[in-house]
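To start, the structure itself, in structure tokens.
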Amino acid sequence: MKLHGYLWVLGSLFCLGACERSNKETPHLSDNGGRIVAPYGSWLSPLSANDVFEQADNVAELQSVDGAIYFSESDGDKQGQVGIKRLDKKGNIADVVPPSFNVKSAVHEYGGAAFLGIGQSLFATKAQDQLFYRFAPNQPPLPLTPNGTRHADCIAYPKGSRIICVREDHRQPGEPKASLVTINLNFAGEGDTFVSGHDFISSPAISPDNSQLAWITWEHPYMPWDNSILWLGDLDRKGQLHNIRKVNTPTDSSVTQPLFSPDGQLYVVSDISNWWNIYRVTAQNTLAPVLNKKAEFAVADWYLGNHNYAFESEKTIIASYMLGSQAALIRLHLDSGLTESLAVDFGEITQVIRGEDAVYFVGAKATPEKGIYKVIGRGTELVYTPNLPKLDPNYISRAKNITFKTGVNQQAYGYFYGPVNPNYTAPHDTRPPLIVMLHGGPTARASLAYRSDIQFWTSRGFAVLDVNFRGSSGFGRAYRQSIYGKWGQADVEDAVNATRYLVDKGWVDGQKLAIRGVSAGGLTVMSSLAFYDVFQAGVSYAGISDFEQLAKSTHKFETGYLDQLIGPYANNQARYRELSPLYHLEGLNEPLLIFQGLRDQIVPPQQSRQIYEALKVRGVPTAYIAYQDEPHGGWKPEHRAAGLETELAFYGQVFNFTPAGKLATLVLDNAAALKPTVLKGHPRATRGY
């Protein structure tokens, strides 16, 4: 859920007619060659908003094909469009699919696993039409699939020259239909259905001898990380699927990432023990633990194609896991159960795959270092890095892990980043303004991986808190589900209590507290303002304001999610209204900046518009900024950068400081109602629910 503002913006230009550029640099006084004394928030940073988004490329998915590594990469210079590149054994890089093609699947709306390499050919989904194309040497791209269908999570099936894919069929009225289909490599057609009859299907995996197929299903109202089922079927000589059977797992558990070992044993990740751990499927169709560790060897499957482990050999697995704030990589010896630590200095590890010569993965550190790594012995080697914004280490803020009390005898977590800029110091006896950041989901999570958007703020003199509120993944099933029945309440309490913790510590200014969130985080922003008197400003990117509207209009993947997060709507209508900030605007009196994409299929744009209009009438300082062609996620870099600059201008108005540099002048409705900043004190009293 994302953004709000003042006027509708119908093109790629930002704030046309609503904003004007300031040509005045902020004056600063030097302290005789030392650091410049200037208020927090007004510091000049070497990291521009354009640096954060327009110059940043990002590696997403890896595949090993004929000794080379194929990977998808978004191109910051081309509005974040996604192409496919090839990394050969000698380290040479070649473009296989240009970014202009824009490889992106919309299965489940969030997509993922949008390409497959086989021999000299590559197959990929095009974002614009969602058709699945073949790229062969010296031939134009050939679409293989029918209009109105979406494909992802594909695997090669050598028998009959076919590909097995997850299909989402939108050709009939009502909910799109899920199936597992086979597609011919050489010509377009309907394909053949392998598996159907389930609300959702994902993660096909085939055994090395092509005799067995595994896949995962789940049904409404559950999400894949709630209750999912692992299936096995036998493939005969004609390529037909027989003897379909269900692997026996507890009802209240999830399975993910099925993978066959080189000798044909099936493995999977499950949270039977509360933690996502690796298991082996036995001959009796049960799960036997491979390693018992209080850590997460998987992530919540918002996207298809997640890979947290790979077989280095028949006897060893390379696996990544999260344990609180720590992302680590280990080697697991299957015979003895012993493990070796390979890396503990990463903030995020994804896409662990087996290459021809080694195991590869995508890693990101707390510093700007990020890219494709290779496991060598008991260490790792960086073999490819995309174009990233460069920032002098002297400007980089390092996170402090915090744990704070919340709820009823519960605790939650966060990462605190203090302001860092070697050229500036703040006036004596002042504290920095705080920006509380909230991830989406609400089952996603914050990590310690370097983020330029956080450094954008800290290098300007802001403090930032990235919150892993109750419901975040990475802390076990119980913590992930602790938000169930309490969404719009537990996450809000955690944001408020984390902020109070920092104010009580004396780390931030209690009268300059802002909260910002994307998607589900946008709801937390508006609820925090509506139900508590703690924050003095909020920024919502496509945030939910009305649970009732969301329950009636959300897309298929999340149709039953609210049943878990709040309760079935039919039996909880009063509760839906009780938690919706739209129905409690009498308490929302603080400035709110709202952004929204008008092609958002996940959060209806009218929700953002509705709350903006209501606040405007009530005299609350507010602005609404919309983008005509933007969906729920994956916004163009120019719009993301413009949003960041507008946020900075917004905080400058609300907290009464002049940001450095040339920024767009944001026009706030009801700007005259902005309250003067109180220099000292604590957050105001809490209203609560």
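Labels for the structure tokens follow display order: chains A, B, ..., residues from 1 in each chain, ligands from 1.
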
Find the nearest atom pair between each residue of range 281-349 of chain A and range 430-449 of chain A for residues within 10 Å, count only C-alpha atoms, give distances in Å to one decimal, sort rows by chain and ascending number, and present the table as JSON lines.
{"residue": "A:Val299", "atom": "CA", "partner": "A:Ala444", "partner_atom": "CA", "distance": 8.4}
{"residue": "A:Ala300", "atom": "CA", "partner": "A:Ala444", "partner_atom": "CA", "distance": 6.9}
{"residue": "A:Asp301", "atom": "CA", "partner": "A:Ala444", "partner_atom": "CA", "distance": 9.3}
{"residue": "A:Trp302", "atom": "CA", "partner": "A:Ala444", "partner_atom": "CA", "distance": 8.2}
{"residue": "A:Met322", "atom": "CA", "partner": "A:Ser447", "partner_atom": "CA", "distance": 9.3}
{"residue": "A:Gly324", "atom": "CA", "partner": "A:Ser447", "partner_atom": "CA", "distance": 8.9}
{"residue": "A:Ser325", "atom": "CA", "partner": "A:Ser447", "partner_atom": "CA", "distance": 6.4}
{"residue": "A:Gln326", "atom": "CA", "partner": "A:Leu448", "partner_atom": "CA", "distance": 7.8}
{"residue": "A:Ala327", "atom": "CA", "partner": "A:Leu448", "partner_atom": "CA", "distance": 8.4}
{"residue": "A:Asp345", "atom": "CA", "partner": "A:Ala449", "partner_atom": "CA", "distance": 10.0}
{"residue": "A:Phe346", "atom": "CA", "partner": "A:Ala449", "partner_atom": "CA", "distance": 7.0}
{"residue": "A:Gly347", "atom": "CA", "partner": "A:Ala449", "partner_atom": "CA", "distance": 3.9}
{"residue": "A:Glu348", "atom": "CA", "partner": "A:Ala449", "partner_atom": "CA", "distance": 5.4}
{"residue": "A:Ile349", "atom": "CA", "partner": "A:Ala449", "partner_atom": "CA", "distance": 9.0}

### Task
Would you kindly return, as a ChimeraX atom specification, each protein, DNA or RNA residue with an atom no farther than 8 Å from any atom of range 64-69 of chain A, considering only C-alpha atoms and excluding same-chain residues fewer than 6 positions away?
/A:86-89,117-119,353-357

How would the residues just chosen look if you wrote them out with N, CA and C atoms as a PDB file, in the first residue's frame?
ATOM      1  N   ARG A  86      23.800 -13.076 -18.718  1.00  0.00           N
ATOM      2  CA  ARG A  86      24.489 -14.361 -18.614  1.00  0.00           C
ATOM      3  C   ARG A  86      25.910 -14.128 -18.124  1.00  0.00           C
ATOM      4  N   LEU A  87      26.281 -14.843 -17.083  1.00  0.00           N
ATOM      5  CA  LEU A  87      27.628 -14.790 -16.520  1.00  0.00           C
ATOM      6  C   LEU A  87      28.313 -16.120 -16.817  1.00  0.00           C
ATOM      7  N   ASP A  88      29.372 -16.098 -17.659  1.00  0.00           N
ATOM      8  CA  ASP A  88      30.027 -17.361 -17.996  1.00  0.00           C
ATOM      9  C   ASP A  88      31.149 -17.682 -17.008  1.00  0.00           C
ATOM     10  N   LYS A  89      31.814 -18.805 -17.232  1.00  0.00           N
ATOM     11  CA  LYS A  89      32.820 -19.289 -16.292  1.00  0.00           C
ATOM     12  C   LYS A  89      34.009 -18.339 -16.166  1.00  0.00           C
ATOM     13  N   GLY A 117      15.936 -20.889 -18.405  1.00  0.00           N
ATOM     14  CA  GLY A 117      16.921 -21.161 -19.440  1.00  0.00           C
ATOM     15  C   GLY A 117      17.010 -22.644 -19.717  1.00  0.00           C
ATOM     16  N   ILE A 118      17.047 -23.017 -21.005  1.00  0.00           N
ATOM     17  CA  ILE A 118      17.224 -24.414 -21.423  1.00  0.00           C
ATOM     18  C   ILE A 118      18.173 -24.423 -22.618  1.00  0.00           C
ATOM     19  N   GLY A 119      19.356 -24.975 -22.429  1.00  0.00           N
ATOM     20  CA  GLY A 119      20.309 -25.033 -23.527  1.00  0.00           C
ATOM     21  C   GLY A 119      20.637 -23.650 -24.057  1.00  0.00           C
ATOM     22  N   ILE A 353      21.557 -21.239  -5.317  1.00  0.00           N
ATOM     23  CA  ILE A 353      21.372 -22.235  -6.375  1.00  0.00           C
ATOM     24  C   ILE A 353      22.659 -23.010  -6.613  1.00  0.00           C
ATOM     25  N   ARG A 354      22.509 -24.188  -7.195  1.00  0.00           N
ATOM     26  CA  ARG A 354      23.661 -25.003  -7.545  1.00  0.00           C
ATOM     27  C   ARG A 354      24.090 -24.688  -8.981  1.00  0.00           C
ATOM     28  N   GLY A 355      25.334 -24.238  -9.152  1.00  0.00           N
ATOM     29  CA  GLY A 355      25.905 -24.058 -10.469  1.00  0.00           C
ATOM     30  C   GLY A 355      26.696 -25.285 -10.864  1.00  0.00           C
ATOM     31  N   GLU A 356      27.293 -25.249 -12.035  1.00  0.00           N
ATOM     32  CA  GLU A 356      28.048 -26.406 -12.512  1.00  0.00           C
ATOM     33  C   GLU A 356      29.289 -26.652 -11.664  1.00  0.00           C
ATOM     34  N   ASP A 357      29.922 -25.576 -11.203  1.00  0.00           N
ATOM     35  CA  ASP A 357      31.183 -25.704 -10.482  1.00  0.00           C
ATOM     36  C   ASP A 357      31.094 -25.366  -9.000  1.00  0.00           C
TER      37      ASP A 357
END

Proximity of range 390-506 of chain A to range 260-274 of chain A: per-residue shortest pair, 8 Å limit, only C-alpha atoms, as a Markdown table:
| residue | atom | partner | partner_atom | distance |
| --- | --- | --- | --- | --- |
| A:Gly476 | CA | A:Asn274 | CA | 5.5 |
| A:Arg477 | CA | A:Asn274 | CA | 4.9 |
| A:Ala478 | CA | A:Asn274 | CA | 6.4 |

Output file for the residues above (N, CA and C atoms, as an mmCIF file, in the first residue's frame):
data_model
loop_
_atom_site.group_PDB
_atom_site.id
_atom_site.type_symbol
_atom_site.label_atom_id
_atom_site.label_comp_id
_atom_site.auth_asym_id
_atom_site.auth_seq_id
_atom_site.Cartn_x
_atom_site.Cartn_y
_atom_site.Cartn_z
ATOM 1 N N GLY A 476 10.158 -16.909 13.377
ATOM 2 C CA GLY A 476 9.400 -18.104 13.686
ATOM 3 C C GLY A 476 7.909 -17.948 13.415
ATOM 4 N N ARG A 477 7.229 -19.089 13.315
ATOM 5 C CA ARG A 477 5.805 -19.115 12.986
ATOM 6 C C ARG A 477 4.953 -18.404 14.035
ATOM 7 N N ALA A 478 5.257 -18.610 15.309
ATOM 8 C CA ALA A 478 4.449 -18.009 16.374
ATOM 9 C C ALA A 478 4.501 -16.488 16.302
#

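Counting only C-alpha atoms and comparing A:Gly633, A:Thr339, A:Val518, A:Phe200, the residue that lies closest to Lys104 in chain A is A:Gly633.
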
Which neighbours of Leu232 in chain A fall inside 9 Å, counting only C-alpha atoms, when residues of the same chain fewer than 6 positions from it are skipped, and could you give them as a short mmCIF file (atom, residue, chain, number, x, y, z; two decimals) with all heavy atoms, in the first residue's frame?
data_model
loop_
_atom_site.label_atom_id
_atom_site.label_comp_id
_atom_site.auth_asym_id
_atom_site.auth_seq_id
_atom_site.Cartn_x
_atom_site.Cartn_y
_atom_site.Cartn_z
N GLN A 212 9.82 -38.34 -11.11
CA GLN A 212 8.92 -37.85 -10.08
C GLN A 212 8.78 -36.33 -10.19
O GLN A 212 9.73 -35.62 -10.55
CB GLN A 212 9.43 -38.20 -8.68
CG GLN A 212 9.32 -39.68 -8.33
CD GLN A 212 9.62 -39.91 -6.87
OE1 GLN A 212 10.68 -39.51 -6.37
NE2 GLN A 212 8.71 -40.54 -6.16
N LEU A 213 7.58 -35.86 -9.88
CA LEU A 213 7.29 -34.43 -9.85
C LEU A 213 6.71 -34.07 -8.49
O LEU A 213 5.83 -34.77 -7.98
CB LEU A 213 6.28 -34.07 -10.95
CG LEU A 213 5.91 -32.58 -11.07
CD1 LEU A 213 7.09 -31.79 -11.63
CD2 LEU A 213 4.68 -32.40 -11.97
N ALA A 214 7.23 -33.00 -7.89
CA ALA A 214 6.70 -32.49 -6.62
C ALA A 214 6.14 -31.10 -6.84
O ALA A 214 6.60 -30.37 -7.73
CB ALA A 214 7.80 -32.46 -5.56
N TRP A 215 5.15 -30.72 -6.06
CA TRP A 215 4.59 -29.37 -6.13
C TRP A 215 3.86 -29.06 -4.83
O TRP A 215 3.67 -29.94 -3.98
CB TRP A 215 3.66 -29.21 -7.33
CG TRP A 215 2.41 -30.05 -7.29
CD1 TRP A 215 1.18 -29.69 -6.84
CD2 TRP A 215 2.29 -31.43 -7.71
NE1 TRP A 215 0.29 -30.73 -6.96
CE2 TRP A 215 0.94 -31.81 -7.49
CE3 TRP A 215 3.18 -32.37 -8.25
CZ2 TRP A 215 0.46 -33.08 -7.79
CZ3 TRP A 215 2.71 -33.65 -8.55
CH2 TRP A 215 1.37 -33.98 -8.32
N ASN A 243 -0.20 -41.77 -9.94
CA ASN A 243 0.07 -42.08 -8.53
C ASN A 243 0.32 -40.81 -7.71
O ASN A 243 1.30 -40.70 -6.97
CB ASN A 243 1.28 -43.03 -8.42
CG ASN A 243 1.49 -43.54 -7.00
OD1 ASN A 243 0.53 -43.64 -6.22
ND2 ASN A 243 2.73 -43.87 -6.67
N ILE A 244 -0.59 -39.87 -7.84
CA ILE A 244 -0.47 -38.61 -7.09
C ILE A 244 -0.77 -38.87 -5.61
O ILE A 244 -1.79 -39.47 -5.27
CB ILE A 244 -1.41 -37.55 -7.67
CG1 ILE A 244 -0.98 -37.20 -9.09
CG2 ILE A 244 -1.43 -36.30 -6.79
CD1 ILE A 244 -1.93 -36.24 -9.80
N ARG A 245 0.11 -38.44 -4.74
CA ARG A 245 -0.09 -38.64 -3.30
C ARG A 245 0.36 -37.41 -2.52
O ARG A 245 1.21 -36.65 -2.96
CB ARG A 245 0.62 -39.88 -2.80
CG ARG A 245 2.14 -39.84 -2.91
CD ARG A 245 2.63 -40.82 -3.95
NE ARG A 245 4.07 -40.94 -4.00
CZ ARG A 245 4.73 -41.07 -5.15
NH1 ARG A 245 4.09 -41.03 -6.31
NH2 ARG A 245 6.04 -41.23 -5.16
N LYS A 246 -0.24 -37.27 -1.36
CA LYS A 246 0.04 -36.14 -0.48
C LYS A 246 1.06 -36.56 0.57
O LYS A 246 0.95 -37.63 1.17
CB LYS A 246 -1.27 -35.67 0.18
CG LYS A 246 -1.13 -34.50 1.10
CD LYS A 246 -2.49 -33.90 1.46
CE LYS A 246 -3.44 -34.89 2.07
NZ LYS A 246 -4.70 -34.26 2.50
N VAL A 247 2.04 -35.70 0.80
CA VAL A 247 3.00 -35.94 1.86
C VAL A 247 2.36 -35.56 3.18
O VAL A 247 1.74 -34.49 3.31
CB VAL A 247 4.29 -35.14 1.63
CG1 VAL A 247 5.26 -35.31 2.80
CG2 VAL A 247 4.95 -35.57 0.32
#

### Message
Need the shell around range 453-463 of chain A: protein/DNA/RNA residues with any atom at most 7 Å away, counting only C-alpha atoms. Skip same-chain ones fewer than 2 positions apart. Format as a PyMOL selection string?
### Response
chain A and resi 40-45+47+52+395-397+417-421+432-435+451+465

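The shell of residues at most 10 Å from Ser196 in chain A, with only C-alpha atoms counted and near chain neighbours (fewer than 2 positions) removed, consists of Arg167, Lys177, Ala178, Ser179, Leu180, Val181, Thr193, Phe194, His198, Asp199, Phe200, Ile201 and Thr217 of chain A.
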
#### Entry: Nearest residue to His632 in chain A from the set A:Glu340, A:Glu381, A:Glu613, A:Glu109 (distances using only C-alpha atoms)
A:Glu109

I need the strand (DSSP E or B) residues of range 406-561 of chain A per DSSP on the backbone, written as a tab-separated table (two decimals) with N, CA and C atoms, in the first residue's frame.
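New file part_0.tsv:
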chain	number	residue	atom	x	y	z
A	406	THR	N	6.19	-4.67	24.33
A	406	THR	CA	4.97	-4.26	23.65
A	406	THR	C	3.88	-5.27	23.94
A	410	GLN	N	4.90	-9.08	25.78
A	410	GLN	CA	5.51	-9.46	24.51
A	410	GLN	C	6.64	-8.50	24.19
A	411	GLN	N	7.38	-8.84	23.14
A	411	GLN	CA	8.44	-7.95	22.68
A	411	GLN	C	8.49	-7.94	21.17
A	412	ALA	N	9.04	-6.88	20.62
A	412	ALA	CA	9.21	-6.75	19.18
A	412	ALA	C	10.59	-6.17	18.92
A	413	TYR	N	10.91	-6.00	17.63
A	413	TYR	CA	12.30	-5.73	17.26
A	413	TYR	C	12.40	-4.60	16.24
A	414	GLY	N	13.59	-4.05	16.13
A	414	GLY	CA	13.82	-3.02	15.13
A	414	GLY	C	15.29	-2.72	14.96
A	415	TYR	N	15.58	-1.96	13.91
A	415	TYR	CA	16.94	-1.51	13.62
A	415	TYR	C	16.95	0.01	13.67
A	416	PHE	N	17.80	0.56	14.54
A	416	PHE	CA	17.88	2.00	14.69
A	416	PHE	C	19.13	2.53	14.01
A	417	TYR	N	18.94	3.53	13.13
A	417	TYR	CA	20.03	4.18	12.41
A	417	TYR	C	20.12	5.64	12.87
A	424	TYR	N	28.92	17.74	9.28
A	424	TYR	CA	27.95	18.51	10.07
A	424	TYR	C	27.89	18.04	11.51
A	425	THR	N	27.47	18.96	12.34
A	425	THR	CA	27.07	18.65	13.71
A	425	THR	C	25.85	19.49	14.02
A	434	LEU	N	12.90	11.77	14.04
A	434	LEU	CA	12.85	10.33	13.80
A	434	LEU	C	11.87	10.01	12.68
A	435	ILE	N	12.28	9.12	11.78
A	435	ILE	CA	11.38	8.55	10.77
A	435	ILE	C	11.24	7.07	11.08
A	436	VAL	N	10.04	6.64	11.44
A	436	VAL	CA	9.76	5.23	11.68
A	436	VAL	C	9.33	4.61	10.35
A	437	MET	N	10.04	3.57	9.91
A	437	MET	CA	9.74	2.90	8.65
A	437	MET	C	9.03	1.58	8.91
A	438	LEU	N	8.03	1.30	8.08
A	438	LEU	CA	7.22	0.10	8.24
A	438	LEU	C	7.19	-0.68	6.93
A	463	ALA	N	17.19	10.48	12.18
A	463	ALA	CA	17.31	9.13	12.70
A	463	ALA	C	16.21	8.29	12.05
A	464	VAL	N	16.49	7.01	11.84
A	464	VAL	CA	15.53	6.11	11.20
A	464	VAL	C	15.39	4.86	12.05
A	465	LEU	N	14.16	4.42	12.21
A	465	LEU	CA	13.88	3.15	12.88
A	465	LEU	C	13.13	2.25	11.91
A	466	ASP	N	13.71	1.10	11.59
A	466	ASP	CA	13.08	0.11	10.72
A	466	ASP	C	12.52	-0.98	11.63
A	467	VAL	N	11.19	-1.12	11.67
A	467	VAL	CA	10.53	-1.94	12.70
A	467	VAL	C	10.15	-3.32	12.16
A	468	ASN	N	10.50	-4.34	12.91
A	468	ASN	CA	9.98	-5.69	12.67
A	468	ASN	C	8.87	-5.95	13.69
A	513	LEU	N	8.57	13.51	15.39
A	513	LEU	CA	8.42	12.08	15.14
A	513	LEU	C	7.52	11.87	13.93
A	514	ALA	N	8.07	11.20	12.92
A	514	ALA	CA	7.32	10.91	11.70
A	514	ALA	C	7.24	9.41	11.50
A	515	ILE	N	6.22	8.97	10.80
A	515	ILE	CA	6.04	7.56	10.51
A	515	ILE	C	5.66	7.41	9.05
A	516	ARG	N	6.31	6.48	8.36
A	516	ARG	CA	6.05	6.26	6.93
A	516	ARG	C	5.91	4.76	6.67
A	517	GLY	N	5.08	4.40	5.70
A	517	GLY	CA	4.91	2.99	5.42
A	517	GLY	C	4.41	2.75	4.02
A	518	VAL	N	4.73	1.58	3.51
A	518	VAL	CA	4.35	1.14	2.17
A	518	VAL	C	3.38	-0.01	2.29
A	537	ALA	N	3.73	13.59	12.18
A	537	ALA	CA	3.61	13.57	10.72
A	537	ALA	C	3.56	12.12	10.25
A	538	GLY	N	2.90	11.92	9.10
A	538	GLY	CA	2.82	10.59	8.52
A	538	GLY	C	2.90	10.65	7.01
A	539	VAL	N	3.46	9.58	6.41
A	539	VAL	CA	3.53	9.45	4.96
A	539	VAL	C	3.08	8.04	4.61
A	540	SER	N	2.07	7.95	3.75
A	540	SER	CA	1.50	6.66	3.37
A	540	SER	C	1.67	6.43	1.87
A	541	TYR	N	2.27	5.30	1.53
A	541	TYR	CA	2.40	4.88	0.14
A	541	TYR	C	1.40	3.74	-0.11
A	542	ALA	N	0.31	4.08	-0.83
A	542	ALA	CA	-0.74	3.11	-1.16
A	542	ALA	C	-1.21	2.36	0.07

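Among the candidates A:Met223, A:Leu116, A:Leu122, A:Leu588, the one nearest to Cys165 in chain A when counting only C-alpha atoms is A:Leu116.
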
### Query
In Å, how far is it from CA of Asn572 in chain A to CA of Gly587 in chain A?
22.6 Å

### Message
Using only C-alpha atoms, which protein or nucleic acid residues come within 9 Å of range 142-156 of chain A? Drop anything in the same chain fewer than 5 positions from it, and give the result as a ChimeraX atom specification.
### Response
/A:105-107,111-118,124-125,129-136,161-172,176,183-191,202-206,304-305
